[in-house]
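For reference, coords-v4.cif is printed below; it contains mmCIF, C-alpha atoms.
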```cif
data_data
#
loop_
_atom_site.label_atom_id
_atom_site.label_comp_id
_atom_site.auth_asym_id
_atom_site.auth_seq_id
_atom_site.Cartn_x
_atom_site.Cartn_y
_atom_site.Cartn_z
CA MET A 1 -151.60 76.05 113.03
CA LEU A 2 -154.57 73.81 113.27
CA ARG A 3 -154.88 71.12 115.89
CA ARG A 4 -155.58 67.63 114.65
CA PHE A 5 -159.19 66.63 114.03
CA ARG A 6 -161.00 63.81 112.28
CA LEU A 7 -162.95 64.33 109.11
CA GLU A 8 -166.37 62.85 108.46
CA GLU A 9 -167.87 63.03 105.00
CA PRO A 10 -171.55 62.10 105.09
CA GLU A 11 -173.39 61.33 101.87
CA SER A 12 -176.82 62.49 103.04
CA VAL A 13 -178.41 65.12 105.27
CA ALA A 14 -179.74 62.33 107.50
CA GLU A 15 -176.26 60.88 107.93
CA ALA A 16 -174.82 64.32 108.71
CA SER A 17 -177.56 64.91 111.26
CA GLU A 18 -176.88 61.56 112.92
CA LEU A 19 -173.19 62.41 113.19
CA LEU A 20 -174.03 65.76 114.75
CA GLY A 21 -176.41 64.09 117.18
CA ARG A 22 -173.86 61.44 118.10
CA PHE A 23 -170.85 63.72 118.59
CA GLY A 24 -172.65 66.83 119.91
CA ASP A 25 -170.46 69.79 120.77
CA SER A 26 -167.26 67.94 119.86
CA ALA A 27 -168.21 68.09 116.18
CA LYS A 28 -168.91 70.97 113.82
CA VAL A 29 -170.30 71.25 110.33
CA TYR A 30 -167.64 72.29 107.84
CA ALA A 31 -168.49 73.76 104.45
CA GLY A 32 -166.36 76.60 103.04
CA GLY A 33 -164.44 76.92 106.29
CA THR A 34 -163.72 80.60 105.71
CA GLU A 35 -164.76 81.57 109.24
CA LEU A 36 -164.60 78.26 111.11
CA LEU A 37 -160.96 77.57 110.19
CA LEU A 38 -159.94 81.08 111.25
CA ALA A 39 -161.46 80.53 114.69
CA MET A 40 -159.77 77.14 114.93
CA LYS A 41 -156.39 78.46 113.79
CA GLU A 42 -156.61 81.19 116.43
CA GLY A 43 -157.32 78.52 119.04
CA LEU A 44 -160.69 80.11 119.81
CA ALA A 45 -162.49 76.89 118.98
CA HIS A 46 -161.50 73.27 118.72
CA TYR A 47 -163.53 70.31 117.49
CA GLU A 48 -162.54 66.68 117.52
CA ARG A 49 -164.47 66.18 114.28
CA LEU A 50 -165.36 68.31 111.33
CA ILE A 51 -168.30 67.12 109.28
CA ASN A 52 -167.65 68.06 105.67
CA VAL A 53 -171.06 68.56 104.08
CA LYS A 54 -169.83 69.41 100.61
CA LYS A 55 -170.73 65.97 99.29
CA LEU A 56 -174.41 66.90 99.73
CA LYS A 57 -174.61 68.23 96.18
CA LYS A 58 -178.33 68.94 96.34
CA LEU A 59 -177.58 71.75 98.77
CA SER A 60 -175.83 73.69 96.01
CA GLU A 61 -178.91 74.12 93.86
CA VAL A 62 -180.67 77.39 93.09
CA SER A 63 -184.18 77.59 91.70
CA ALA A 64 -186.95 80.10 91.29
CA ASP A 65 -190.65 79.87 90.56
CA GLU A 66 -193.51 82.37 90.81
CA SER A 67 -193.72 82.15 94.58
CA THR A 68 -190.28 81.25 95.95
CA ILE A 69 -186.58 81.60 95.25
CA LYS A 70 -184.72 78.68 96.77
CA ILE A 71 -181.01 78.88 97.45
CA GLY A 72 -179.17 75.78 98.63
CA ALA A 73 -177.18 76.43 101.79
CA LEU A 74 -173.95 75.29 100.13
CA CYS A 75 -174.10 77.87 97.35
CA THR A 76 -170.91 79.89 97.47
CA HIS A 77 -170.93 83.66 97.43
CA HIS A 78 -169.22 83.40 94.04
CA GLU A 79 -172.00 81.22 92.63
CA LEU A 80 -174.55 83.75 93.85
CA GLU A 81 -172.67 86.84 92.63
CA THR A 82 -172.56 85.27 89.16
CA SER A 83 -176.18 84.02 89.10
CA PRO A 84 -178.17 85.71 86.32
CA MET A 85 -181.41 84.65 88.04
CA LEU A 86 -180.42 86.39 91.24
CA GLN A 87 -179.25 89.47 89.38
CA GLN A 88 -182.63 89.72 87.68
CA LYS A 89 -184.95 88.83 90.55
CA LEU A 90 -183.07 89.98 93.64
CA PRO A 91 -180.58 92.67 92.59
CA ALA A 92 -180.04 93.76 96.21
CA LEU A 93 -178.90 90.28 97.24
CA HIS A 94 -176.85 89.93 94.07
CA LYS A 95 -175.02 93.18 94.83
CA LEU A 96 -174.51 92.17 98.45
CA GLU A 97 -172.91 88.92 97.33
CA GLN A 98 -170.56 90.79 94.97
CA ASN A 99 -169.26 92.71 97.96
CA VAL A 100 -168.84 90.00 100.59
CA ALA A 101 -165.26 90.09 101.94
CA ASN A 102 -162.93 89.47 98.98
CA VAL A 103 -162.67 87.30 95.89
CA ARG A 104 -161.00 84.38 97.72
CA VAL A 105 -163.56 84.29 100.51
CA ARG A 106 -166.40 84.48 98.00
CA GLN A 107 -164.87 81.61 96.05
CA VAL A 108 -165.25 79.06 98.86
CA GLY A 109 -167.46 80.71 101.50
CA THR A 110 -171.07 79.56 101.44
CA LEU A 111 -174.25 81.47 102.18
CA GLY A 112 -175.38 78.79 104.62
CA GLY A 113 -172.05 78.80 106.41
CA ASN A 114 -172.14 82.55 106.72
CA LEU A 115 -175.57 82.38 108.36
CA CYS A 116 -174.77 79.43 110.65
CA PHE A 117 -171.51 80.90 111.90
CA ALA A 118 -173.51 83.98 112.99
CA GLU A 119 -170.49 86.27 113.05
CA PRO A 120 -172.10 89.62 113.94
CA HIS A 121 -170.22 91.59 111.27
CA ALA A 122 -171.72 89.69 108.34
CA ASP A 123 -174.00 90.97 105.59
CA PRO A 124 -176.49 88.35 104.36
CA GLY A 125 -178.61 87.79 107.48
CA THR A 126 -179.62 91.44 107.60
CA LEU A 127 -180.90 91.58 104.03
CA LEU A 128 -182.55 88.16 104.28
CA MET A 129 -184.64 89.47 107.19
CA ALA A 130 -185.84 92.42 105.11
CA LEU A 131 -186.57 90.08 102.18
CA GLY A 132 -188.82 87.98 104.42
CA ALA A 133 -186.66 84.88 103.99
CA THR A 134 -187.16 81.63 105.81
CA LEU A 135 -184.41 79.15 106.53
CA VAL A 136 -184.96 75.43 106.21
CA ALA A 137 -183.47 73.34 109.02
CA GLU A 138 -183.28 69.58 108.54
CA LYS A 139 -182.37 66.63 110.69
CA SER A 140 -182.79 62.89 110.34
CA SER A 141 -186.28 63.01 111.87
CA GLY A 142 -187.72 65.93 109.96
CA ARG A 143 -187.50 69.50 108.78
CA ARG A 144 -188.81 72.90 109.81
CA GLU A 145 -188.74 76.44 108.51
CA ILE A 146 -187.32 79.24 110.63
CA ALA A 147 -188.07 82.89 109.86
CA ALA A 148 -184.80 84.73 109.24
CA GLU A 149 -185.52 87.06 112.17
CA ASP A 150 -185.85 84.08 114.53
CA PHE A 151 -182.63 82.42 113.33
CA PHE A 152 -180.02 84.58 115.02
CA VAL A 153 -179.92 84.30 118.80
CA ASP A 154 -176.70 86.01 119.79
CA VAL A 155 -173.05 86.39 118.80
CA TYR A 156 -172.07 83.13 117.03
CA GLU A 157 -175.35 81.57 118.16
CA THR A 158 -178.33 80.46 116.08
CA SER A 159 -181.59 78.70 116.85
CA LEU A 160 -180.45 75.52 115.08
CA GLU A 161 -180.63 72.43 117.26
CA VAL A 162 -177.48 70.41 117.74
CA ASP A 163 -178.41 67.80 115.11
CA GLU A 164 -179.96 70.22 112.62
CA LEU A 165 -178.43 71.43 109.37
CA LEU A 166 -179.38 74.54 107.48
CA THR A 167 -180.21 73.20 104.03
CA GLU A 168 -182.00 75.94 102.12
CA ILE A 169 -182.77 79.64 102.12
CA ARG A 170 -186.23 80.51 100.80
CA ILE A 171 -187.10 84.01 99.69
CA PRO A 172 -190.54 85.08 98.43
CA THR A 173 -190.21 85.86 94.72
CA PRO A 174 -190.49 89.64 94.43
CA THR A 175 -193.48 91.12 92.65
CA GLU A 176 -193.27 94.04 90.25
CA ASN A 177 -193.81 96.58 93.02
CA PHE A 178 -191.14 95.18 95.31
CA ARG A 179 -188.17 97.40 96.17
CA SER A 180 -185.14 96.53 98.27
CA ALA A 181 -181.60 97.64 99.01
CA TYR A 182 -178.73 96.79 101.33
CA LEU A 183 -175.92 99.18 102.21
CA LYS A 184 -172.98 98.76 104.53
CA PHE A 185 -170.28 100.99 105.90
CA GLY A 186 -167.05 100.30 107.69
CA TYR A 187 -163.39 101.15 107.78
CA LEU A 188 -162.00 97.84 109.02
CA GLU A 189 -162.05 94.56 107.11
CA ARG A 190 -165.62 93.86 108.20
CA PRO A 191 -168.56 96.29 108.13
CA SER A 192 -169.41 98.46 111.15
CA VAL A 193 -173.05 98.79 110.17
CA GLY A 194 -175.32 97.24 107.54
CA VAL A 195 -178.86 98.36 106.79
CA ALA A 196 -181.44 96.59 104.64
CA VAL A 197 -184.77 97.99 103.57
CA ALA A 198 -187.55 96.38 101.55
CA PHE A 199 -191.13 97.38 100.76
CA ASN A 200 -193.83 97.36 98.15
CA LEU A 201 -194.34 100.65 96.36
CA ASN A 202 -197.42 101.40 94.29
CA GLY A 203 -199.83 104.27 93.72
CA GLY A 204 -201.02 104.02 97.31
CA GLY A 205 -197.53 104.37 98.72
CA LEU A 206 -195.40 102.03 100.82
CA SER A 207 -196.61 98.78 102.29
CA GLU A 208 -195.03 95.78 103.97
CA VAL A 209 -192.01 97.85 104.98
CA LYS A 210 -189.23 95.75 106.44
CA ILE A 211 -186.06 97.27 107.83
CA ALA A 212 -183.19 95.33 109.36
CA VAL A 213 -179.91 96.42 110.90
CA GLY A 214 -176.81 94.26 111.16
CA CYS A 215 -173.20 94.39 112.32
CA ALA A 216 -173.95 97.12 114.90
CA GLY A 217 -174.89 94.77 117.73
CA PRO A 218 -174.63 91.08 118.65
CA ALA A 219 -176.95 89.89 115.87
CA PRO A 220 -178.88 91.34 112.94
CA ARG A 221 -182.42 92.35 113.83
CA ARG A 222 -185.61 93.77 112.37
CA VAL A 223 -186.42 97.24 113.66
CA PRO A 224 -190.24 97.44 113.67
CA GLU A 225 -189.98 100.76 115.55
CA ALA A 226 -188.74 102.32 112.30
CA GLU A 227 -190.87 100.23 109.95
CA VAL A 228 -194.16 101.57 111.38
CA LEU A 229 -193.02 105.14 110.72
CA LEU A 230 -192.82 104.43 106.98
CA ASN A 231 -195.55 101.85 106.46
CA GLY A 232 -198.61 103.20 104.68
CA LYS A 233 -196.92 106.49 103.78
CA SER A 234 -196.69 107.91 100.29
CA LYS A 235 -193.18 108.02 98.85
CA GLU A 236 -192.96 111.77 99.56
CA GLU A 237 -194.28 111.42 103.12
CA ALA A 238 -191.85 108.58 103.71
CA GLU A 239 -188.94 110.70 102.49
CA ARG A 240 -189.91 113.43 104.98
CA THR A 241 -190.08 110.83 107.76
CA LEU A 242 -186.76 109.16 106.93
CA SER A 243 -184.67 111.12 109.46
CA GLN A 244 -187.05 110.19 112.24
CA ALA A 245 -187.16 106.56 111.05
CA GLY A 246 -183.36 106.53 110.92
CA GLU A 247 -183.06 107.74 114.51
CA SER A 248 -185.60 105.18 115.57
CA ALA A 249 -183.77 102.40 113.73
CA GLY A 250 -180.48 103.48 115.30
CA ARG A 251 -181.94 103.34 118.81
CA ALA A 252 -183.51 99.96 118.13
CA SER A 253 -180.36 98.48 116.59
CA GLN A 254 -178.84 97.41 119.94
CA ALA A 255 -175.57 98.91 118.76
CA ILE A 256 -172.61 98.30 121.02
CA SER A 257 -169.33 100.21 121.28
CA ASP A 258 -166.40 98.22 119.95
CA LEU A 259 -163.45 98.50 117.57
CA HIS A 260 -165.87 99.19 114.73
CA GLY A 261 -167.16 102.36 116.36
CA SER A 262 -168.95 103.72 119.41
CA GLN A 263 -172.62 103.08 120.03
CA ASP A 264 -173.51 106.72 119.20
CA TYR A 265 -171.51 106.58 116.01
CA LYS A 266 -173.13 103.37 114.83
CA GLU A 267 -176.61 104.64 115.64
CA HIS A 268 -175.90 107.71 113.55
CA ILE A 269 -174.59 105.61 110.66
CA VAL A 270 -177.75 103.47 110.78
CA GLY A 271 -179.78 106.61 110.09
CA VAL A 272 -177.51 107.71 107.26
CA LEU A 273 -177.57 104.28 105.63
CA LEU A 274 -181.35 104.00 105.98
CA LYS A 275 -181.81 107.24 104.03
CA ARG A 276 -179.41 106.13 101.32
CA ALA A 277 -180.81 102.62 101.16
CA PHE A 278 -184.34 104.00 100.81
CA GLN A 279 -183.25 106.28 97.96
CA SER A 280 -181.38 103.41 96.33
CA ALA A 281 -184.46 101.20 96.58
CA VAL A 282 -186.88 103.70 95.04
CA THR A 283 -184.64 104.69 92.12
CA MET B 1 -141.80 58.85 121.60
CA ALA B 2 -144.55 56.47 122.68
CA LYS B 3 -146.90 59.39 122.65
CA ALA B 4 -145.72 60.35 119.21
CA MET B 5 -146.30 56.79 118.02
CA THR B 6 -149.80 56.74 119.44
CA ARG B 7 -150.57 59.97 117.70
CA ARG B 8 -149.18 58.63 114.48
CA SER B 9 -151.35 55.52 114.66
CA GLU B 10 -154.40 57.69 115.32
CA ALA B 11 -153.70 59.82 112.30
CA GLN B 12 -156.37 59.81 109.63
CA LEU B 13 -154.62 59.87 106.28
CA LEU B 14 -156.50 61.07 103.23
CA PRO B 15 -155.21 60.26 99.76
CA VAL B 16 -155.05 63.39 97.63
CA SER B 17 -154.49 63.17 93.92
CA PHE B 18 -154.23 66.52 92.16
CA THR B 19 -152.22 68.36 89.57
CA LEU B 20 -149.71 70.94 90.73
CA ASN B 21 -148.49 73.24 87.99
CA GLY B 22 -149.60 70.67 85.43
CA ARG B 23 -147.96 67.66 87.09
CA LEU B 24 -149.89 64.89 88.79
CA GLN B 25 -149.21 64.63 92.53
CA GLU B 26 -150.28 61.70 94.69
CA ILE B 27 -149.89 62.51 98.36
CA GLU B 28 -151.47 61.70 101.70
CA VAL B 29 -152.48 64.39 104.15
CA GLU B 30 -154.18 64.59 107.50
CA PRO B 31 -157.48 66.48 107.58
CA HIS B 32 -156.05 69.45 109.49
CA GLU B 33 -153.11 70.08 107.16
CA LEU B 34 -153.30 73.39 105.35
CA LEU B 35 -152.68 73.72 101.64
CA LEU B 36 -150.14 76.48 102.30
CA ASP B 37 -147.99 74.22 104.51
CA VAL B 38 -148.24 71.27 102.16
CA VAL B 39 -147.18 73.32 99.14
CA ARG B 40 -144.39 75.19 100.95
CA GLU B 41 -143.02 72.57 103.34
CA HIS B 42 -143.77 69.22 101.69
CA LEU B 43 -143.67 70.13 98.01
CA GLY B 44 -141.02 72.81 98.33
CA LEU B 45 -142.71 75.61 96.41
CA THR B 46 -142.16 78.75 98.47
CA GLY B 47 -143.56 81.39 96.12
CA VAL B 48 -146.80 81.25 98.06
CA LYS B 49 -146.47 83.26 101.28
CA ARG B 50 -147.98 83.17 104.74
CA SER B 51 -148.68 86.71 105.88
CA CYS B 52 -151.93 87.78 107.58
CA ASP B 53 -153.12 84.15 107.96
CA VAL B 54 -156.76 85.34 108.05
CA GLN B 55 -157.71 85.60 104.36
CA VAL B 56 -157.37 89.34 104.24
CA CYS B 57 -154.06 90.07 102.49
CA GLY B 58 -153.82 87.69 99.53
CA ALA B 59 -150.11 86.83 99.89
CA CYS B 60 -151.07 83.13 100.05
CA THR B 61 -153.21 83.26 96.89
CA LEU B 62 -153.12 80.10 94.77
CA LEU B 63 -155.33 79.26 91.81
CA VAL B 64 -157.46 76.15 92.23
CA ASP B 65 -159.16 75.24 88.98
CA GLY B 66 -158.27 78.75 87.85
CA ARG B 67 -159.92 80.57 90.75
CA PRO B 68 -158.10 82.33 93.58
CA VAL B 69 -158.18 80.83 97.07
CA SER B 70 -156.33 81.59 100.30
CA ALA B 71 -153.95 78.67 100.79
CA CYS B 72 -153.54 79.72 104.45
CA THR B 73 -157.16 78.81 105.17
CA THR B 74 -157.70 75.96 102.73
CA LEU B 75 -157.50 72.40 104.02
CA ALA B 76 -155.09 70.50 101.79
CA PHE B 77 -157.49 67.60 101.14
CA GLU B 78 -159.83 70.07 99.38
CA VAL B 79 -157.67 69.98 96.26
CA ARG B 80 -158.56 66.31 95.60
CA GLY B 81 -159.08 65.95 91.88
CA ARG B 82 -158.31 69.60 91.24
CA SER B 83 -155.71 71.60 89.46
CA VAL B 84 -153.48 73.91 91.51
CA LEU B 85 -151.36 76.66 90.01
CA THR B 86 -148.60 78.43 91.93
CA ILE B 87 -146.42 81.28 90.75
CA GLU B 88 -143.71 78.73 89.93
CA GLY B 89 -145.98 77.19 87.31
CA LEU B 90 -146.82 80.36 85.44
CA ALA B 91 -143.86 80.66 83.10
CA GLU B 92 -143.93 78.29 80.15
CA ASP B 93 -140.76 76.81 78.63
CA GLY B 94 -138.69 79.41 80.45
CA LYS B 95 -140.73 82.25 79.02
CA LEU B 96 -142.39 84.56 81.52
CA HIS B 97 -146.16 84.99 81.51
CA PRO B 98 -147.23 88.40 80.17
CA LEU B 99 -148.26 89.40 83.71
CA GLN B 100 -144.79 88.58 85.06
CA GLN B 101 -143.19 90.47 82.19
CA ALA B 102 -145.46 93.47 82.74
CA PHE B 103 -144.71 93.57 86.48
CA ILE B 104 -140.98 93.80 85.61
CA GLU B 105 -141.42 96.40 82.88
CA HIS B 106 -143.80 98.60 84.87
CA GLY B 107 -142.21 98.28 88.32
CA GLY B 108 -145.18 96.34 89.69
CA PHE B 109 -143.34 95.29 92.82
CA GLN B 110 -141.15 96.77 95.50
CA CYS B 111 -140.32 94.23 98.23
CA GLY B 112 -142.00 91.49 96.19
CA PHE B 113 -143.73 89.69 99.04
CA CYS B 114 -147.26 90.27 97.73
CA THR B 115 -146.29 89.75 94.09
CA PRO B 116 -146.99 86.02 93.63
CA GLY B 117 -150.49 86.54 95.03
CA MET B 118 -151.02 89.72 93.01
CA ILE B 119 -150.01 88.05 89.76
CA LEU B 120 -152.10 84.93 90.33
CA ALA B 121 -155.18 86.94 91.33
CA ALA B 122 -154.67 89.13 88.26
CA LYS B 123 -154.41 86.01 86.08
CA ALA B 124 -157.76 84.78 87.40
CA LEU B 125 -159.26 88.18 86.63
CA LEU B 126 -157.88 88.41 83.09
CA ASP B 127 -158.85 84.82 82.29
CA GLU B 128 -162.50 85.64 83.00
CA ASN B 129 -162.45 89.29 81.93
CA PRO B 130 -159.72 90.06 79.35
CA ALA B 131 -160.57 93.77 79.24
CA PRO B 132 -161.41 94.90 82.77
CA SER B 133 -162.12 98.54 83.55
CA GLU B 134 -159.96 100.02 86.28
CA ALA B 135 -162.97 99.86 88.63
CA GLU B 136 -163.47 96.16 87.87
CA LEU B 137 -159.77 95.52 88.40
CA LYS B 138 -159.80 97.31 91.75
CA HIS B 139 -162.91 95.44 92.87
CA PHE B 140 -161.40 92.07 91.98
CA MET B 141 -157.98 92.86 93.50
CA HIS B 142 -159.44 94.51 96.61
CA GLY B 143 -158.40 91.51 98.72
CA ASN B 144 -154.73 91.63 97.74
CA ILE B 145 -152.72 93.98 99.91
CA CYS B 146 -149.36 95.52 99.01
CA ARG B 147 -147.73 96.54 102.26
CA CYS B 148 -145.36 98.82 100.30
CA THR B 149 -148.53 100.50 98.95
CA GLY B 150 -147.28 100.31 95.38
CA TYR B 151 -150.77 99.98 93.99
CA LYS B 152 -150.48 102.45 91.13
CA LYS B 153 -147.68 100.48 89.47
CA ILE B 154 -149.47 97.21 90.13
CA ILE B 155 -152.61 98.46 88.39
CA GLU B 156 -150.51 99.77 85.49
CA SER B 157 -148.75 96.41 85.22
CA ILE B 158 -152.00 94.44 85.12
CA MET B 159 -153.57 96.80 82.59
CA ALA B 160 -150.47 96.54 80.40
CA ALA B 161 -150.50 92.74 80.63
CA ALA B 162 -154.19 92.69 79.75
CA LYS B 163 -153.41 94.68 76.61
CA THR B 164 -150.54 92.36 75.67
CA MET B 165 -152.66 89.28 76.23
CA ARG B 166 -155.52 90.68 74.13
CA GLU B 167 -153.17 91.54 71.29
CA LYS B 168 -151.64 88.07 71.38
CA GLY B 169 -155.15 86.61 71.41
#
```
What do you get writing this file as C-alpha cells?
Amino acid sequence: MLRRFRLEEPESVAEASELLGRFGDSAKVYAGGTELLLAMKEGLAHYERLINVKKLKKLSEVSADESTIKIGALCTHHELETSPMLQQKLPALHKLEQNVANVRVRQVGTLGGNLCFAEPHADPGTLLMALGATLVAEKSSGRREIAAEDFFVDVYETSLEVDELLTEIRIPTPTENFRSAYLKFGYLERPSVGVAVAFNLNGGGLSEVKIAVGCAGPAPRRVPEAEVLLNGKSKEEAERTLSQAGESAGRASQAISDLHGSQDYKEHIVGVLLKRAFQSAVT
Amino acid sequence: MAKAMTRRSEAQLLPVSFTLNGRLQEIEVEPHELLLDVVREHLGLTGVKRSCDVQVCGACTLLVDGRPVSACTTLAFEVRGRSVLTIEGLAEDGKLHPLQQAFIEHGGFQCGFCTPGMILAAKALLDENPAPSEAELKHFMHGNICRCTGYKKIIESIMAAAKTMREKG
C-alpha cells in the first residue's frame, strides 16, 4: 500500500526545478516509478509530493550526430531496446537495454530514472562510464555536465543537487575502431556483478581503455588499476594480461559481501566477466 | 471521523478517462492509488492478481495500449487517455481468444494464478512478433513466473496459439 502524496505535474524543467527547490527532501522526481514506487510501497521512503516529469516531452528525444549521441533522460528502456540508431551505433548499450529487468519494467522504466535512483544492482551506469558518457543536470538557473564516473556517490546517492534534474545522457559517437561490451552475472532477480569494457583497437593495439565494474559494491566505478594494464598493448599482449587485469579489477571493485555473493566470489566473477567482455568486444 | 473528514477534504482527486476492455471509463483517483487496486476493488475485475508486489512475477500484468505493465506498481492516474486490457476483455462475443483456447488444449495452467498475466504477456508478444522463436518467447516471458513451474506446457500453448493466429491471419 502506498501512503497518500500529492502530485505535481510541471510543464517545464525550470518549473520542476523550482518545485524541487521549494519542497526539498519532502518531494521526489517521479518518472517511470519502477524503483521509487517499490521503495515507497515497502515503507522505506515517503514523500509528501511526487513531481511527475513525464510532461517534459523534450526529455524523451534521442538524436545522434558525428560527435555525440544524445539520449533524453525520460527515454524508457523499451524505447532504447527498440532504437535502430542505438543498435547500429552502440550495440553494447542496445543489448544491455534488452536485458534490463523484464518486459514490464522496460516498458515504463526510464534510463534517467535508473541512473538517478542509483540502486547499486543496476546495469546502465557501469556501461555509461566505460562509454565516456556525460550526464546533463539542469535547474532553473542553469545547466552543467557531470562525467558518468562522478555521478554516483554512494548507495542511492548521486551528485545531483536538490533542485537539479537529470535531463540528458551524452555519449561520444563511436568511431570505426571503437569496441565495447557489457556483461552481467547473477542468480537473483538483480545482477551480482556487471562489467563494462571499451577501447579503441587499431593496428597499434588498444588505446583509451575504459573498464567499469557495477553491482559488486555501493556504486559503479571505473577501475583505472586494470585499465593501465591493457592500455597501449597489442590485442595479443592484452589477451595474455587479461587474468592479471581481471584480478586487479576485482580488487578495485570495492565488492562487498551480501545476498548476491561474498566479496571473494564477486571479485572472482569480475575477472571472469572482464575476460569474456573483452573477447565479446574484439569479435 | 473528524480526522477522516479532514483527510477527505485534503484529497487530491485526478479525473481519469480511459477505456477498459473497450469501454470508456470516467473515474476519479487519488495520486497514490494503484492501478491493480482500482481495477480489482473499484471496477470489480479480479482476473489481475497481486502476488510478488515488486514487478518480478507478472501475475498483475495488464496491457496498456497493448504493452504489458505491472498493475501492482502502476499509479492508476497513468492510464489517462489510454486503453487497458484485462483478461476479462480478451474473449470476443463469448468466443475465447486463441491463446485462451490453446492454454486449455495444451494444459497451459495448473493452479491458474499466473495464467491471466501469462496470456496477456503472450498476447503482447504475438501482436508484435507473430512468429517468435522459442528463445525470443522465453526472453519476452522471462518476467512471468509460474509458481507451479509448468513452463513447458505454457511455452507449448503459446507456440500453438501463435500458429493458430498466423493461420487465421
What does the PyMOL selection byres ((chain A) within 8 of (chain B)) select in this file, as an mmCIF file with C-alpha atoms, in the frame of the given file?
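Output below, filename part_38.cif:
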```cif
data_model
loop_
_atom_site.group_PDB
_atom_site.id
_atom_site.type_symbol
_atom_site.label_atom_id
_atom_site.label_comp_id
_atom_site.auth_asym_id
_atom_site.auth_seq_id
_atom_site.Cartn_x
_atom_site.Cartn_y
_atom_site.Cartn_z
ATOM 1 C CA LEU A 2 -154.570 73.810 113.270
ATOM 2 C CA ARG A 3 -154.880 71.120 115.890
ATOM 3 C CA ARG A 4 -155.580 67.630 114.650
ATOM 4 C CA PHE A 5 -159.190 66.630 114.030
ATOM 5 C CA ARG A 6 -161.000 63.810 112.280
ATOM 6 C CA LEU A 7 -162.950 64.330 109.110
ATOM 7 C CA GLY A 33 -164.440 76.920 106.290
ATOM 8 C CA THR A 34 -163.720 80.600 105.710
ATOM 9 C CA LEU A 37 -160.960 77.570 110.190
ATOM 10 C CA LEU A 38 -159.940 81.080 111.250
ATOM 11 C CA ALA A 101 -165.260 90.090 101.940
ATOM 12 C CA ASN A 102 -162.930 89.470 98.980
ATOM 13 C CA VAL A 103 -162.670 87.300 95.890
ATOM 14 C CA ARG A 104 -161.000 84.380 97.720
ATOM 15 C CA VAL A 105 -163.560 84.290 100.510
ATOM 16 C CA GLN A 107 -164.870 81.610 96.050
ATOM 17 C CA VAL A 108 -165.250 79.060 98.860
ATOM 18 C CA GLU A 189 -162.050 94.560 107.110
#
```
TODO: Please write as number ranges by chain the full residue list that the PyMOL selection byres ((chain B and resi 102-114) around 12) yields on this file.
DONE: B: 46-52, 57-61, 87, 96-101, 115-122, 141, 143-165
TODO: Report the residues retrieved by the PyMOL selection byres ((chain A and resi 85) around 12) from the displayed file, expressed as a PyMOL selection string.
DONE: chain A and resi 62-65+69-71+79-84+86-91+93-94+173
Task: Point-to-point distance in Å for CA of Asp150 (chain A) and CA of Lys58 (chain A) - done: 24.8 Å
Task: Who sits within 10 Å of Tyr265 (chain A), only C-alpha atoms, same chain under 2 positions skipped, as a ChimeraX atom specification - done: /A:192-193,216,250,255-257,260-263,267-270
For the selection you just gave me, I'd like the residues written to a file as an mmCIF file, in the frame of the given file, keeping C-alpha atoms.
```cif
data_model
loop_
_atom_site.group_PDB
_atom_site.id
_atom_site.type_symbol
_atom_site.label_atom_id
_atom_site.label_comp_id
_atom_site.auth_asym_id
_atom_site.auth_seq_id
_atom_site.Cartn_x
_atom_site.Cartn_y
_atom_site.Cartn_z
ATOM 1 C CA SER A 192 -169.410 98.460 111.150
ATOM 2 C CA VAL A 193 -173.050 98.790 110.170
ATOM 3 C CA ALA A 216 -173.950 97.120 114.900
ATOM 4 C CA GLY A 250 -180.480 103.480 115.300
ATOM 5 C CA ALA A 255 -175.570 98.910 118.760
ATOM 6 C CA ILE A 256 -172.610 98.300 121.020
ATOM 7 C CA SER A 257 -169.330 100.210 121.280
ATOM 8 C CA HIS A 260 -165.870 99.190 114.730
ATOM 9 C CA GLY A 261 -167.160 102.360 116.360
ATOM 10 C CA SER A 262 -168.950 103.720 119.410
ATOM 11 C CA GLN A 263 -172.620 103.080 120.030
ATOM 12 C CA GLU A 267 -176.610 104.640 115.640
ATOM 13 C CA HIS A 268 -175.900 107.710 113.550
ATOM 14 C CA ILE A 269 -174.590 105.610 110.660
ATOM 15 C CA VAL A 270 -177.750 103.470 110.780
#
```
Task: Residue nearest Asn202 (chain A) - candidates A:Gly232, A:Gly109, A:Gly21, A:Gly32, atoms counted: only C-alpha atoms - done: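 Residue with the minimum atom-to-atom distance to Asn202 (chain A): A:Gly232.
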Open item on the list: Using all atoms listed in the file, can you tell me which of A:Pro191, A:Pro218, A:Gly132, A:Gly271 comes closest to Ile146 (chain A)?
Closed with: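 Closest to Ile146 (chain A) of all the choices is A:Gly132.
Taking CA of Glu11 (chain A) and CA of Gly113 (chain A) as endpoints, the distance between them is 18.1 Å.
Proximity of A:Leu131, A:Ile171, A:Leu50, A:Ala14 to Thr68 (chain A), computed with only C-alpha atoms, is greatest for A:Ile171.
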Residues within 9 Å of Val84 (chain B), please, as an mmCIF file with C-alpha atoms, in the frame of the given file. Count only C-alpha atoms; anything in the same chain fewer than 4 positions from it doesn't count.
```cif
data_model
loop_
_atom_site.group_PDB
_atom_site.id
_atom_site.type_symbol
_atom_site.label_atom_id
_atom_site.label_comp_id
_atom_site.auth_asym_id
_atom_site.auth_seq_id
_atom_site.Cartn_x
_atom_site.Cartn_y
_atom_site.Cartn_z
ATOM 1 C CA PHE B 18 -154.230 66.520 92.160
ATOM 2 C CA THR B 19 -152.220 68.360 89.570
ATOM 3 C CA LEU B 20 -149.710 70.940 90.730
ATOM 4 C CA ASN B 21 -148.490 73.240 87.990
ATOM 5 C CA GLY B 22 -149.600 70.670 85.430
ATOM 6 C CA LEU B 62 -153.120 80.100 94.770
ATOM 7 C CA LEU B 63 -155.330 79.260 91.810
ATOM 8 C CA VAL B 64 -157.460 76.150 92.230
ATOM 9 C CA ASP B 65 -159.160 75.240 88.980
ATOM 10 C CA GLY B 66 -158.270 78.750 87.850
ATOM 11 C CA VAL B 79 -157.670 69.980 96.260
#
```
- [ ] Provide the CA of Gly72 (chain A) to CA of Ala277 (chain A) distance in Å, to one decimal place.
- [x]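 These two atoms are separated by 27.0 Å.
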